[in-house]
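File shown here: coords_19.cif, holding mmCIF, C-alpha atoms and all ligand atoms.
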```cif
data_query
loop_
_atom_site.label_atom_id
_atom_site.label_comp_id
_atom_site.auth_asym_id
_atom_site.auth_seq_id
_atom_site.Cartn_x
_atom_site.Cartn_y
_atom_site.Cartn_z
CA MET A 265 44.65 24.26 -3.64
CA ASN A 266 48.07 24.59 -5.27
CA ILE A 267 48.59 26.22 -8.67
CA TYR A 268 48.47 22.89 -10.54
CA GLU A 269 45.17 21.90 -8.93
CA ARG A 270 43.78 25.36 -9.68
CA ILE A 271 44.67 25.14 -13.36
CA LYS A 272 43.28 21.63 -13.57
CA SER A 273 40.01 22.53 -11.86
CA LYS A 274 39.54 25.46 -14.24
CA ARG A 275 40.02 23.78 -17.58
CA GLY A 276 40.14 20.05 -16.81
CA TYR A 277 43.79 19.50 -17.75
CA ILE A 278 47.11 21.32 -17.73
CA THR A 279 49.16 22.35 -20.76
CA ALA A 280 52.85 23.04 -20.18
CA LEU A 281 55.81 24.18 -22.22
CA ALA A 282 58.79 22.01 -21.32
CA PRO A 283 62.03 23.30 -19.91
CA MET A 284 64.52 23.34 -22.80
CA GLU A 285 68.06 24.49 -22.23
CA GLY A 286 69.08 27.07 -24.80
CA VAL A 287 65.56 27.29 -26.25
CA THR A 288 62.80 28.20 -23.78
CA ASP A 289 64.51 31.24 -22.26
CA SER A 290 62.62 34.28 -21.05
CA LEU A 291 62.81 35.96 -24.45
CA PHE A 292 61.23 33.01 -26.27
CA ARG A 293 58.66 32.53 -23.51
CA GLN A 294 57.66 36.18 -23.93
CA MET A 295 57.18 35.52 -27.65
CA ILE A 296 55.08 32.45 -26.81
CA CYS A 297 52.95 34.69 -24.55
CA LYS A 298 52.18 36.80 -27.65
CA ILE A 299 51.68 33.85 -29.98
CA GLY A 300 49.64 31.53 -27.75
CA ARG A 301 50.76 30.40 -24.33
CA PRO A 302 50.40 27.18 -22.36
CA ASP A 303 48.93 27.17 -18.84
CA LEU A 304 52.36 26.65 -17.34
CA PHE A 305 55.93 27.59 -18.22
CA PHE A 306 59.14 26.00 -16.88
CA THR A 307 62.47 27.83 -16.86
CA GLU A 308 65.60 26.36 -18.41
CA PHE A 309 67.33 24.19 -15.83
CA LEU A 310 69.67 25.80 -13.32
CA ASN A 311 72.58 23.81 -11.89
CA VAL A 312 72.61 24.25 -8.12
CA GLU A 313 76.36 23.62 -7.89
CA GLY A 314 76.97 26.38 -10.47
CA PHE A 315 74.55 28.71 -8.74
CA CYS A 316 76.37 28.23 -5.43
CA SER A 317 79.78 28.93 -6.96
CA GLU A 318 81.53 32.12 -7.99
CA GLY A 319 80.09 31.74 -11.47
CA LYS A 320 76.59 32.46 -10.14
CA GLU A 321 76.11 35.67 -12.11
CA LYS A 322 76.68 33.80 -15.37
CA VAL A 323 73.85 31.32 -14.76
CA VAL A 324 71.23 33.22 -12.81
CA HIS A 325 69.57 34.54 -16.01
CA ARG A 326 68.25 31.00 -16.54
CA VAL A 327 65.68 31.37 -13.78
CA LYS A 328 64.68 34.99 -14.29
CA PHE A 329 61.28 35.75 -15.73
CA LEU A 330 58.78 38.55 -16.17
CA GLN A 331 55.45 38.79 -14.40
CA LYS A 332 53.59 38.03 -17.63
CA GLU A 333 55.31 34.63 -17.88
CA LYS A 334 53.64 33.45 -14.67
CA PRO A 335 52.63 30.84 -13.71
CA ILE A 336 56.19 29.60 -14.09
CA VAL A 337 58.14 26.84 -12.39
CA VAL A 338 61.88 27.09 -11.75
CA GLN A 339 63.73 23.92 -12.65
CA LEU A 340 66.90 22.88 -10.78
CA TRP A 341 69.44 20.12 -11.28
CA GLY A 342 72.40 18.84 -9.34
CA ASN A 343 73.23 16.25 -6.71
CA THR A 344 74.23 18.24 -3.61
CA PRO A 345 71.40 18.65 -1.07
CA ASP A 346 73.09 21.66 0.61
CA TYR A 347 73.29 23.50 -2.68
CA TYR A 348 69.63 22.77 -3.38
CA GLU A 349 68.81 24.29 -0.02
CA LYS A 350 70.76 27.48 -0.72
CA THR A 351 69.48 27.76 -4.29
CA VAL A 352 65.83 27.33 -3.34
CA ARG A 353 66.21 29.91 -0.56
CA SER A 354 67.54 32.37 -3.11
CA VAL A 355 65.28 31.69 -6.14
CA LYS A 356 62.19 31.81 -3.91
CA LYS A 357 62.74 35.56 -3.77
CA LEU A 358 61.96 35.73 -7.50
CA GLU A 359 58.48 34.45 -6.60
CA PRO A 360 58.12 31.54 -9.01
CA ASP A 361 55.03 29.35 -8.81
CA GLY A 362 56.85 26.11 -8.08
CA ILE A 363 60.20 24.36 -7.86
CA ASP A 364 60.95 21.41 -10.12
CA ILE A 365 63.83 18.93 -9.79
CA ASN A 366 65.32 17.52 -12.99
CA ILE A 367 65.84 13.76 -12.77
CA GLY A 368 65.32 13.23 -16.50
CA CYS A 369 68.11 14.71 -18.58
CA SER A 370 70.22 11.98 -20.22
CA VAL A 371 73.09 13.98 -21.73
CA ARG A 372 76.26 11.87 -21.33
CA ASP A 373 78.48 14.46 -19.57
CA ILE A 374 75.75 15.20 -17.05
CA LEU A 375 75.17 11.51 -16.38
CA SER A 376 78.85 10.90 -15.75
CA SER A 377 78.76 13.57 -13.06
CA GLY A 378 76.01 11.61 -11.29
CA LYS A 379 73.30 14.22 -11.91
CA CYS A 380 69.86 14.39 -13.55
CA SER A 381 68.70 10.93 -14.68
CA ALA A 382 71.80 9.30 -13.12
CA LEU A 383 69.99 10.01 -9.85
CA ILE A 384 67.41 7.36 -10.76
CA LYS A 385 69.98 4.92 -9.38
CA GLU A 386 70.39 6.89 -6.13
CA LYS A 387 67.07 6.73 -4.32
CA ASP A 388 68.45 7.68 -0.90
CA LEU A 389 70.05 10.81 -2.29
CA VAL A 390 66.87 11.69 -4.22
CA LYS A 391 64.84 11.31 -1.05
CA GLU A 392 67.18 13.70 0.72
CA ILE A 393 67.13 16.23 -2.13
CA ILE A 394 63.31 16.23 -2.31
CA SER A 395 63.04 16.57 1.45
CA VAL A 396 65.48 19.51 1.56
CA VAL A 397 63.75 21.24 -1.36
CA LYS A 398 60.31 20.77 0.21
CA LYS A 399 61.48 22.15 3.53
CA GLU A 400 63.05 25.21 1.95
CA ALA A 401 60.24 25.75 -0.60
CA GLY A 402 57.67 26.14 2.20
CA ASP A 403 54.32 26.90 0.57
CA LEU A 404 55.66 26.58 -2.97
CA PRO A 405 54.68 23.31 -4.67
CA VAL A 406 57.53 20.90 -5.41
CA SER A 407 57.70 18.63 -8.43
CA VAL A 408 60.01 16.23 -10.27
CA LYS A 409 60.52 15.71 -14.00
CA THR A 410 61.81 12.26 -14.81
CA ARG A 411 61.87 9.31 -17.17
CA LEU A 412 60.40 5.80 -16.87
CA GLY A 413 63.62 4.31 -15.51
CA TYR A 414 67.37 4.33 -16.04
CA ASP A 415 68.30 1.44 -18.34
CA ALA A 416 64.97 -0.38 -18.09
CA ILE A 417 61.38 0.67 -17.49
CA ASP A 418 60.75 0.57 -13.75
CA VAL A 419 57.28 1.92 -13.08
CA GLU A 420 56.74 0.17 -9.74
CA GLY A 421 60.25 0.68 -8.39
CA TRP A 422 61.21 4.16 -9.62
CA ILE A 423 57.91 5.97 -10.23
CA GLY A 424 56.41 4.18 -7.20
CA PHE A 425 59.28 5.51 -5.09
CA LEU A 426 58.73 9.07 -6.34
CA LEU A 427 55.02 8.80 -5.63
CA GLU A 428 55.86 7.99 -2.02
CA GLN A 429 57.61 11.39 -1.69
CA ASP A 430 54.31 13.30 -1.62
CA LEU A 431 55.08 15.54 -4.62
CA ASP A 432 52.60 18.09 -5.93
CA LEU A 433 53.37 17.28 -9.56
CA LEU A 434 55.30 14.64 -11.45
CA THR A 435 56.21 14.99 -15.12
CA ILE A 436 57.00 11.72 -16.83
CA HIS A 437 58.89 11.61 -20.13
CA GLY A 438 57.87 8.23 -21.54
CA ARG A 439 61.32 6.82 -22.22
CA THR A 440 64.19 5.45 -20.14
CA SER A 441 67.41 7.40 -19.72
CA LYS A 442 69.28 4.88 -21.84
CA GLU A 443 66.81 5.26 -24.69
CA GLY A 444 67.52 8.98 -25.04
CA TYR A 445 65.19 9.83 -27.91
CA ALA A 446 65.79 6.66 -29.93
CA VAL A 447 62.34 5.10 -29.53
CA PRO A 448 58.79 6.52 -29.51
CA ALA A 449 57.58 7.71 -26.10
CA LYS A 450 55.69 4.92 -24.32
CA TRP A 451 52.40 6.45 -23.28
CA ASP A 452 51.01 3.06 -22.20
CA GLU A 453 53.68 3.04 -19.50
CA ILE A 454 52.81 6.62 -18.51
CA SER A 455 49.25 5.37 -18.12
CA ARG A 456 50.51 2.64 -15.75
CA CYS A 457 52.19 5.39 -13.71
CA VAL A 458 48.79 7.10 -13.44
CA GLU A 459 47.20 3.88 -12.14
CA LEU A 460 49.99 3.57 -9.57
CA ARG A 461 49.48 7.21 -8.58
CA ASP A 462 45.79 6.53 -7.94
CA ARG A 463 46.82 3.85 -5.44
CA ILE A 464 49.86 5.49 -3.80
CA SER A 465 49.43 9.26 -3.94
CA PRO A 466 46.12 10.49 -5.41
CA THR A 467 47.05 14.15 -4.76
CA THR A 468 50.13 14.08 -7.01
CA LEU A 469 49.16 15.39 -10.46
CA ILE A 470 50.88 13.79 -13.46
CA LEU A 471 51.94 15.48 -16.71
CA GLY A 472 52.74 13.14 -19.59
CA ASN A 473 55.59 14.11 -21.90
CA GLY A 474 57.00 12.78 -25.13
CA ASP A 475 56.22 13.24 -28.83
CA VAL A 476 53.13 15.43 -28.39
CA LYS A 477 52.77 17.49 -31.55
CA SER A 478 49.48 19.32 -31.17
CA LEU A 479 46.87 20.46 -28.66
CA GLU A 480 44.42 17.97 -30.15
CA GLN A 481 46.84 15.09 -29.65
CA GLY A 482 47.54 16.24 -26.09
CA LYS A 483 43.83 16.42 -25.26
CA GLU A 484 43.31 12.98 -26.78
CA TYR A 485 46.16 11.62 -24.61
CA VAL A 486 44.60 13.15 -21.49
CA LYS A 487 41.46 11.13 -22.24
CA ARG A 488 43.19 7.96 -23.35
CA TYR A 489 45.99 7.74 -20.78
CA GLY A 490 44.40 9.48 -17.78
CA VAL A 491 47.15 12.08 -17.25
CA ASP A 492 46.29 15.44 -15.66
CA GLY A 493 47.95 17.29 -18.50
CA PHE A 494 50.71 17.20 -21.05
CA MET A 495 54.03 18.90 -21.66
CA ILE A 496 55.34 19.82 -25.11
CA ALA A 497 59.04 20.36 -25.85
CA ARG A 498 60.51 19.94 -29.34
CA GLU A 499 57.32 20.78 -31.23
CA ILE A 500 57.55 24.40 -30.07
CA ILE A 501 60.55 24.93 -32.37
CA ILE A 502 58.73 23.28 -35.24
CA ASN A 503 55.47 25.14 -34.66
CA PRO A 504 55.65 28.02 -32.15
CA TRP A 505 51.85 28.36 -32.59
CA VAL A 506 51.26 24.88 -31.16
CA PHE A 507 49.58 26.12 -27.94
CA LYS A 508 47.30 28.34 -29.99
CA GLY A 509 46.13 25.24 -31.81
CA LYS A 510 47.14 26.80 -35.10
CA THR A 511 48.90 25.22 -38.04
CA GLU A 512 47.96 27.77 -40.71
CA VAL A 513 49.82 30.98 -39.97
CA SER A 514 50.06 33.74 -42.56
CA GLU A 515 53.29 34.95 -44.08
CA ARG A 516 52.75 38.42 -42.62
CA GLU A 517 52.21 37.10 -39.10
CA ARG A 518 55.33 34.93 -39.29
CA ILE A 519 57.52 37.76 -40.52
CA ASN A 520 56.13 40.23 -37.98
CA ILE A 521 56.70 37.78 -35.14
CA LEU A 522 60.33 37.28 -36.16
CA ILE A 523 60.85 41.06 -36.30
CA GLU A 524 59.31 41.36 -32.82
CA HIS A 525 61.55 38.55 -31.60
CA LEU A 526 64.65 40.28 -32.93
CA ASN A 527 63.62 43.60 -31.38
CA LEU A 528 63.05 41.88 -28.06
CA LEU A 529 66.51 40.31 -28.38
CA GLN A 530 68.04 43.78 -28.40
CA LYS A 531 65.83 44.98 -25.55
CA THR A 532 66.56 41.96 -23.37
CA TRP A 533 70.20 41.25 -24.10
CA GLY A 534 71.63 44.32 -25.80
CA ASN A 535 74.72 43.03 -27.55
CA LYS A 536 75.37 40.29 -25.00
CA LYS A 537 73.64 37.50 -26.93
CA PRO A 538 74.94 37.02 -30.48
CA PHE A 539 72.49 36.99 -33.37
CA ASN A 540 73.67 33.48 -34.32
CA THR A 541 72.05 32.01 -31.20
CA GLN A 542 68.67 33.01 -32.61
CA LYS A 543 68.85 31.07 -35.86
CA LYS A 544 66.89 28.14 -34.41
CA TYR A 545 63.93 30.49 -34.03
CA ILE A 546 64.28 31.73 -37.62
CA LYS A 547 63.84 28.11 -38.72
CA ALA A 548 60.76 27.86 -36.49
CA TYR A 549 59.01 31.02 -37.67
CA ILE A 550 59.91 31.23 -41.35
CA LYS A 551 58.22 28.36 -43.14
CA GLY A 552 55.02 27.36 -44.90
CA PHE A 553 54.57 30.20 -47.42
CA ASP A 554 55.73 30.96 -50.97
CA GLY A 555 59.34 32.04 -50.87
CA ALA A 556 59.84 30.92 -47.23
CA ASN A 557 62.71 28.55 -48.04
CA GLU A 558 64.65 31.21 -49.95
CA LEU A 559 63.98 33.85 -47.30
CA ARG A 560 65.13 31.47 -44.57
CA LYS A 561 68.36 30.74 -46.42
CA VAL A 562 69.15 34.45 -46.78
CA LEU A 563 68.36 35.05 -43.10
CA MET A 564 70.55 32.14 -42.02
CA ASP A 565 73.43 33.76 -43.87
CA ALA A 566 72.90 37.12 -42.16
CA ASN A 567 75.50 38.14 -39.59
CA THR A 568 73.66 40.65 -37.49
CA ARG A 569 70.22 41.34 -36.09
CA GLU A 570 70.03 44.61 -38.03
CA GLU A 571 70.85 42.85 -41.30
CA ALA A 572 68.12 40.28 -40.66
CA ILE A 573 65.52 42.95 -39.89
CA LYS A 574 66.40 44.79 -43.10
CA ILE A 575 65.97 41.58 -45.11
CA LEU A 576 62.58 41.00 -43.46
CA ASN A 577 61.38 44.55 -44.08
CA ASN A 578 62.43 44.35 -47.74
CA PHE A 579 60.60 41.05 -48.12
CA LYS A 580 57.36 42.62 -46.85
C1 LIG B 601 67.22 21.26 -26.78
C2 LIG B 601 66.59 20.58 -25.60
C3 LIG B 601 66.84 21.04 -24.31
C4 LIG B 601 66.25 20.41 -23.21
N1 LIG B 601 66.47 20.92 -21.95
C5 LIG B 601 65.82 20.37 -20.89
C6 LIG B 601 65.92 20.97 -19.58
O1 LIG B 601 66.60 21.98 -19.37
N2 LIG B 601 65.24 20.35 -18.57
C7 LIG B 601 64.48 19.23 -18.77
O2 LIG B 601 63.87 18.73 -17.82
N3 LIG B 601 64.35 18.68 -19.98
C8 LIG B 601 64.98 19.23 -21.04
N4 LIG B 601 64.79 18.69 -22.29
C9 LIG B 601 63.86 17.55 -22.45
C10 LIG B 601 62.44 18.05 -22.78
O3 LIG B 601 61.95 18.90 -21.77
C11 LIG B 601 61.44 16.89 -22.99
O4 LIG B 601 61.37 16.14 -21.82
C12 LIG B 601 61.81 15.96 -24.14
O5 LIG B 601 62.30 16.69 -25.25
C13 LIG B 601 60.61 15.12 -24.61
O6 LIG B 601 59.54 15.92 -25.01
P1 LIG B 601 59.17 16.18 -26.57
O7 LIG B 601 58.99 14.82 -27.21
O8 LIG B 601 57.90 16.99 -26.55
O9 LIG B 601 60.34 16.88 -27.18
C14 LIG B 601 65.40 19.29 -23.40
C15 LIG B 601 65.16 18.82 -24.70
C16 LIG B 601 65.73 19.44 -25.79
C17 LIG B 601 65.42 18.92 -27.18
#
```

Would you write the structure of this file as structure tokens?
Amino acid sequence: MNIYERIKSKRGYITALAPMEGVTDSLFRQMICKIGRPDLFFTEFLNVEGFCSEGKEKVVHRVKFLQKEKPIVVQLWGNTPDYYEKTVRSVKKLEPDGIDINIGCSVRDILSSGKCSALIKEKDLVKEIISVVKKEAGDLPVSVKTRLGYDAIDVEGWIGFLLEQDLDLLTIHGRTSKEGYAVPAKWDEISRCVELRDRISPTTLILGNGDVKSLEQGKEYVKRYGVDGFMIAREIIINPWVFKGKTEVSERERINILIEHLNLLQKTWGNKKPFNTQKKYIKAYIKGFDGANELRKVLMDANTREEAIKILNNFK
């Protein structure tokens, strides 16, 4: 049994925190471990071309993790099979729980370089990439995260093709690449992918992704659409307690968590990561109590970690 099957057999479905570049780094994942964790984490995506270049040291932090973040899947992107091979050989030494290939990101610059969801139009290349990754990954499960199609929904053609690649897990974001985020995620189409899976590759587990805002909603979608689990992305920076199933979080808890986050920032990064990069988390933690808006404004104006901690301590 692979890790995904084990999680599913234990609790009936899988909960996962999505890979989010610039958001779900090791520091934030460690905070989510304290707050309320999902079954499965994904790293931020790592570009295999970058990892196989001289700039390697600048990007390798993206796939590093602590033991307590496991199970965790390393996500890769790129369009050069040789570089996938070298990258998988190297990141395997970190002992992740799986390797995931990003064929979903629809950022314009990335698409114009023929990577991520641009690969939806390159089935032969995708087949080669998956085959190289599987060979190099050995016992590690291999998965793909993708969308419903490139400029049109193509469940039979695109998802059907992926299901023929004998993947351990497939995450489907219920929009096309062209749609970006402009329309609601189409869970009915994800459900059609599940039906196709039952016919083509019953051992490939499917995570549905798109617009899930609570554990309750996710569980409801598991029942309604037949997926093996669900992945949450943007909601984590609206409600970091989402995997705990909590919406009511006290003022004290919120402030203490932000202080812990800022202390961990120092411990993890020293002075290498500027305080400004953390303001998205301030917005996530500091809300929903009397005086939260004012406190948030003052914190957003702060220039250093130390200044922010002082403001928080004075507020308490
Ligand atoms: C800031 C940001 C960064 C993202 N980075 C990645 C990434 O590195 N890899 C990936 O597969 N998807 C990435 N995504 C897409 C999400 O994982 C997810 O598929 C998408 O946001 C839909 O889920 P949601 O409706 O729960 O947000 C990113 C999304 C956002 C908003």

Two-atom distance - CA of Ile470 (chain A), CA of Asp432 (chain A) (Å):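 Here the two named atoms are 8.8 Å from each other.
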
Per-axis box centre and lengths in Å around region 307-312 of chain A, 3 Å margin per side, axis-aligned, as lines of an AutoDock Vina configuration file:
```
center_x = 67.5
center_y = 25.8
center_z = -13.3
size_x = 16.1
size_y = 10.0
size_z = 16.3
```

Selected residue of minimal separation from ligand LIG 601 (chain B) among A:Ser395, A:Asn535, A:Ser370, A:Thr351, counting only C-alpha atoms and all ligand atoms: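 Answer, going by the shortest atom-to-atom distance: A:Ser370.
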
So which residues are near ligand LIG 601 (chain B), meaning at most 9 Å away with only C-alpha atoms and all ligand atoms counted, given back as a PDB file with C-alpha atoms, keeping the file's coordinate frame?
```pdb
ATOM      1  CA  LEU A 281      55.810  24.180 -22.220  1.00  0.00           C
ATOM      2  CA  ALA A 282      58.790  22.010 -21.320  1.00  0.00           C
ATOM      3  CA  PRO A 283      62.030  23.300 -19.910  1.00  0.00           C
ATOM      4  CA  MET A 284      64.520  23.340 -22.800  1.00  0.00           C
ATOM      5  CA  GLU A 285      68.060  24.490 -22.230  1.00  0.00           C
ATOM      6  CA  GLY A 286      69.080  27.070 -24.800  1.00  0.00           C
ATOM      7  CA  VAL A 287      65.560  27.290 -26.250  1.00  0.00           C
ATOM      8  CA  THR A 288      62.800  28.200 -23.780  1.00  0.00           C
ATOM      9  CA  PHE A 306      59.140  26.000 -16.880  1.00  0.00           C
ATOM     10  CA  THR A 307      62.470  27.830 -16.860  1.00  0.00           C
ATOM     11  CA  GLU A 308      65.600  26.360 -18.410  1.00  0.00           C
ATOM     12  CA  PHE A 309      67.330  24.190 -15.830  1.00  0.00           C
ATOM     13  CA  LEU A 310      69.670  25.800 -13.320  1.00  0.00           C
ATOM     14  CA  GLN A 339      63.730  23.920 -12.650  1.00  0.00           C
ATOM     15  CA  LEU A 340      66.900  22.880 -10.780  1.00  0.00           C
ATOM     16  CA  TRP A 341      69.440  20.120 -11.280  1.00  0.00           C
ATOM     17  CA  ASP A 364      60.950  21.410 -10.120  1.00  0.00           C
ATOM     18  CA  ILE A 365      63.830  18.930  -9.790  1.00  0.00           C
ATOM     19  CA  ASN A 366      65.320  17.520 -12.990  1.00  0.00           C
ATOM     20  CA  ILE A 367      65.840  13.760 -12.770  1.00  0.00           C
ATOM     21  CA  GLY A 368      65.320  13.230 -16.500  1.00  0.00           C
ATOM     22  CA  CYS A 369      68.110  14.710 -18.580  1.00  0.00           C
ATOM     23  CA  SER A 370      70.220  11.980 -20.220  1.00  0.00           C
ATOM     24  CA  CYS A 380      69.860  14.390 -13.550  1.00  0.00           C
ATOM     25  CA  VAL A 408      60.010  16.230 -10.270  1.00  0.00           C
ATOM     26  CA  LYS A 409      60.520  15.710 -14.000  1.00  0.00           C
ATOM     27  CA  THR A 410      61.810  12.260 -14.810  1.00  0.00           C
ATOM     28  CA  ARG A 411      61.870   9.310 -17.170  1.00  0.00           C
ATOM     29  CA  THR A 435      56.210  14.990 -15.120  1.00  0.00           C
ATOM     30  CA  ILE A 436      57.000  11.720 -16.830  1.00  0.00           C
ATOM     31  CA  HIS A 437      58.890  11.610 -20.130  1.00  0.00           C
ATOM     32  CA  GLY A 438      57.870   8.230 -21.540  1.00  0.00           C
ATOM     33  CA  ARG A 439      61.320   6.820 -22.220  1.00  0.00           C
ATOM     34  CA  TYR A 445      65.190   9.830 -27.910  1.00  0.00           C
ATOM     35  CA  PRO A 448      58.790   6.520 -29.510  1.00  0.00           C
ATOM     36  CA  ALA A 449      57.580   7.710 -26.100  1.00  0.00           C
ATOM     37  CA  ASN A 473      55.590  14.110 -21.900  1.00  0.00           C
ATOM     38  CA  GLY A 474      57.000  12.780 -25.130  1.00  0.00           C
ATOM     39  CA  ASP A 475      56.220  13.240 -28.830  1.00  0.00           C
ATOM     40  CA  VAL A 476      53.130  15.430 -28.390  1.00  0.00           C
ATOM     41  CA  LYS A 477      52.770  17.490 -31.550  1.00  0.00           C
ATOM     42  CA  MET A 495      54.030  18.900 -21.660  1.00  0.00           C
ATOM     43  CA  ILE A 496      55.340  19.820 -25.110  1.00  0.00           C
ATOM     44  CA  ALA A 497      59.040  20.360 -25.850  1.00  0.00           C
ATOM     45  CA  ARG A 498      60.510  19.940 -29.340  1.00  0.00           C
ATOM     46  CA  GLU A 499      57.320  20.780 -31.230  1.00  0.00           C
ATOM     47  CA  ILE A 500      57.550  24.400 -30.070  1.00  0.00           C
TER      48      ILE A 500
END
```

Using CA of Gly276 (chain A) and CA of Gly493 (chain A) as the two end points, give the distance in Å to one decimal.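 So the answer is 8.5 Å.
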
Give me, as a PDB file with C-alpha atoms, in the frame of the given file, all polymer residues having an atom no more than 8 Å from Asp303 (chain A), counting only C-alpha atoms and skipping those fewer than 3 positions away in the same chain.
```pdb
ATOM      1  CA  ILE A 271      44.670  25.140 -13.360  1.00  0.00           C
ATOM      2  CA  ILE A 278      47.110  21.320 -17.730  1.00  0.00           C
ATOM      3  CA  THR A 279      49.160  22.350 -20.760  1.00  0.00           C
ATOM      4  CA  ALA A 280      52.850  23.040 -20.180  1.00  0.00           C
ATOM      5  CA  PRO A 335      52.630  30.840 -13.710  1.00  0.00           C
TER       6      PRO A 335
END
```

Nearest candidate to Trp533 (chain A) (options A:Ile454, A:Leu563, A:Asp289, A:Ile546; using all atoms listed in the file):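 Smallest distance to Trp533 (chain A) is found for A:Asp289.
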
At most 12 Å from (70.4, 37.3, -28.3), file frame, all atoms listed in the file: which residues, as a ChimeraX atom specification? /A:286-287,289-292,525-545,568-569

Excluding same-chain residues fewer than 2 positions from region 416-420 of chain A, what lies within 12 Å of it counting all atoms listed in the file, as a short mmCIF file (atom, residue, chain, number, x, y, z; two decimals) with C-alpha atoms, keeping the file's coordinate frame?
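Now in part-v2.cif:
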```cif
data_model
loop_
_atom_site.label_atom_id
_atom_site.label_comp_id
_atom_site.auth_asym_id
_atom_site.auth_seq_id
_atom_site.Cartn_x
_atom_site.Cartn_y
_atom_site.Cartn_z
CA ILE A 384 67.41 7.36 -10.76
CA LYS A 385 69.98 4.92 -9.38
CA THR A 410 61.81 12.26 -14.81
CA ARG A 411 61.87 9.31 -17.17
CA LEU A 412 60.40 5.80 -16.87
CA GLY A 413 63.62 4.31 -15.51
CA TYR A 414 67.37 4.33 -16.04
CA TRP A 422 61.21 4.16 -9.62
CA ILE A 423 57.91 5.97 -10.23
CA GLY A 424 56.41 4.18 -7.20
CA PHE A 425 59.28 5.51 -5.09
CA LEU A 426 58.73 9.07 -6.34
CA LEU A 427 55.02 8.80 -5.63
CA GLU A 428 55.86 7.99 -2.02
CA ILE A 436 57.00 11.72 -16.83
CA HIS A 437 58.89 11.61 -20.13
CA GLY A 438 57.87 8.23 -21.54
CA ARG A 439 61.32 6.82 -22.22
CA THR A 440 64.19 5.45 -20.14
CA SER A 441 67.41 7.40 -19.72
CA LYS A 442 69.28 4.88 -21.84
CA GLU A 443 66.81 5.26 -24.69
CA GLY A 444 67.52 8.98 -25.04
CA ALA A 449 57.58 7.71 -26.10
CA LYS A 450 55.69 4.92 -24.32
CA ASP A 452 51.01 3.06 -22.20
CA GLU A 453 53.68 3.04 -19.50
CA ILE A 454 52.81 6.62 -18.51
CA SER A 455 49.25 5.37 -18.12
CA ARG A 456 50.51 2.64 -15.75
CA CYS A 457 52.19 5.39 -13.71
CA VAL A 458 48.79 7.10 -13.44
CA GLU A 459 47.20 3.88 -12.14
CA LEU A 460 49.99 3.57 -9.57
CA ARG A 461 49.48 7.21 -8.58
CA ARG A 463 46.82 3.85 -5.44
CA ILE A 464 49.86 5.49 -3.80
#
```

Tell me, in Å to one decimal, how far CA of Gly509 (chain A) is from CA of Tyr549 (chain A).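 Going from CA of Gly509 (chain A) over to CA of Tyr549 (chain A), I get 15.3 Å.
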
Near-Val337 (chain A) list (9 Å; all atoms listed in the file; drop same-chain fewer than 3 positions) as a list in words: Leu304, Phe305, Phe306, Thr307, Val327, Lys334, Pro360, Asp361, Gly362, Ile363 and Asp364 of chain A

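Closest approach to Asn311 (chain A) among A:Val486, A:Ala382, A:Leu330, A:Val324: A:Val324, based on all atoms listed in the file.
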
Under the rule that all atoms listed in the file are counted, which of A:Val323, A:Ala572, A:Leu431, A:Val406 is the nearest residue to Ile523 (chain A)? A:Ala572
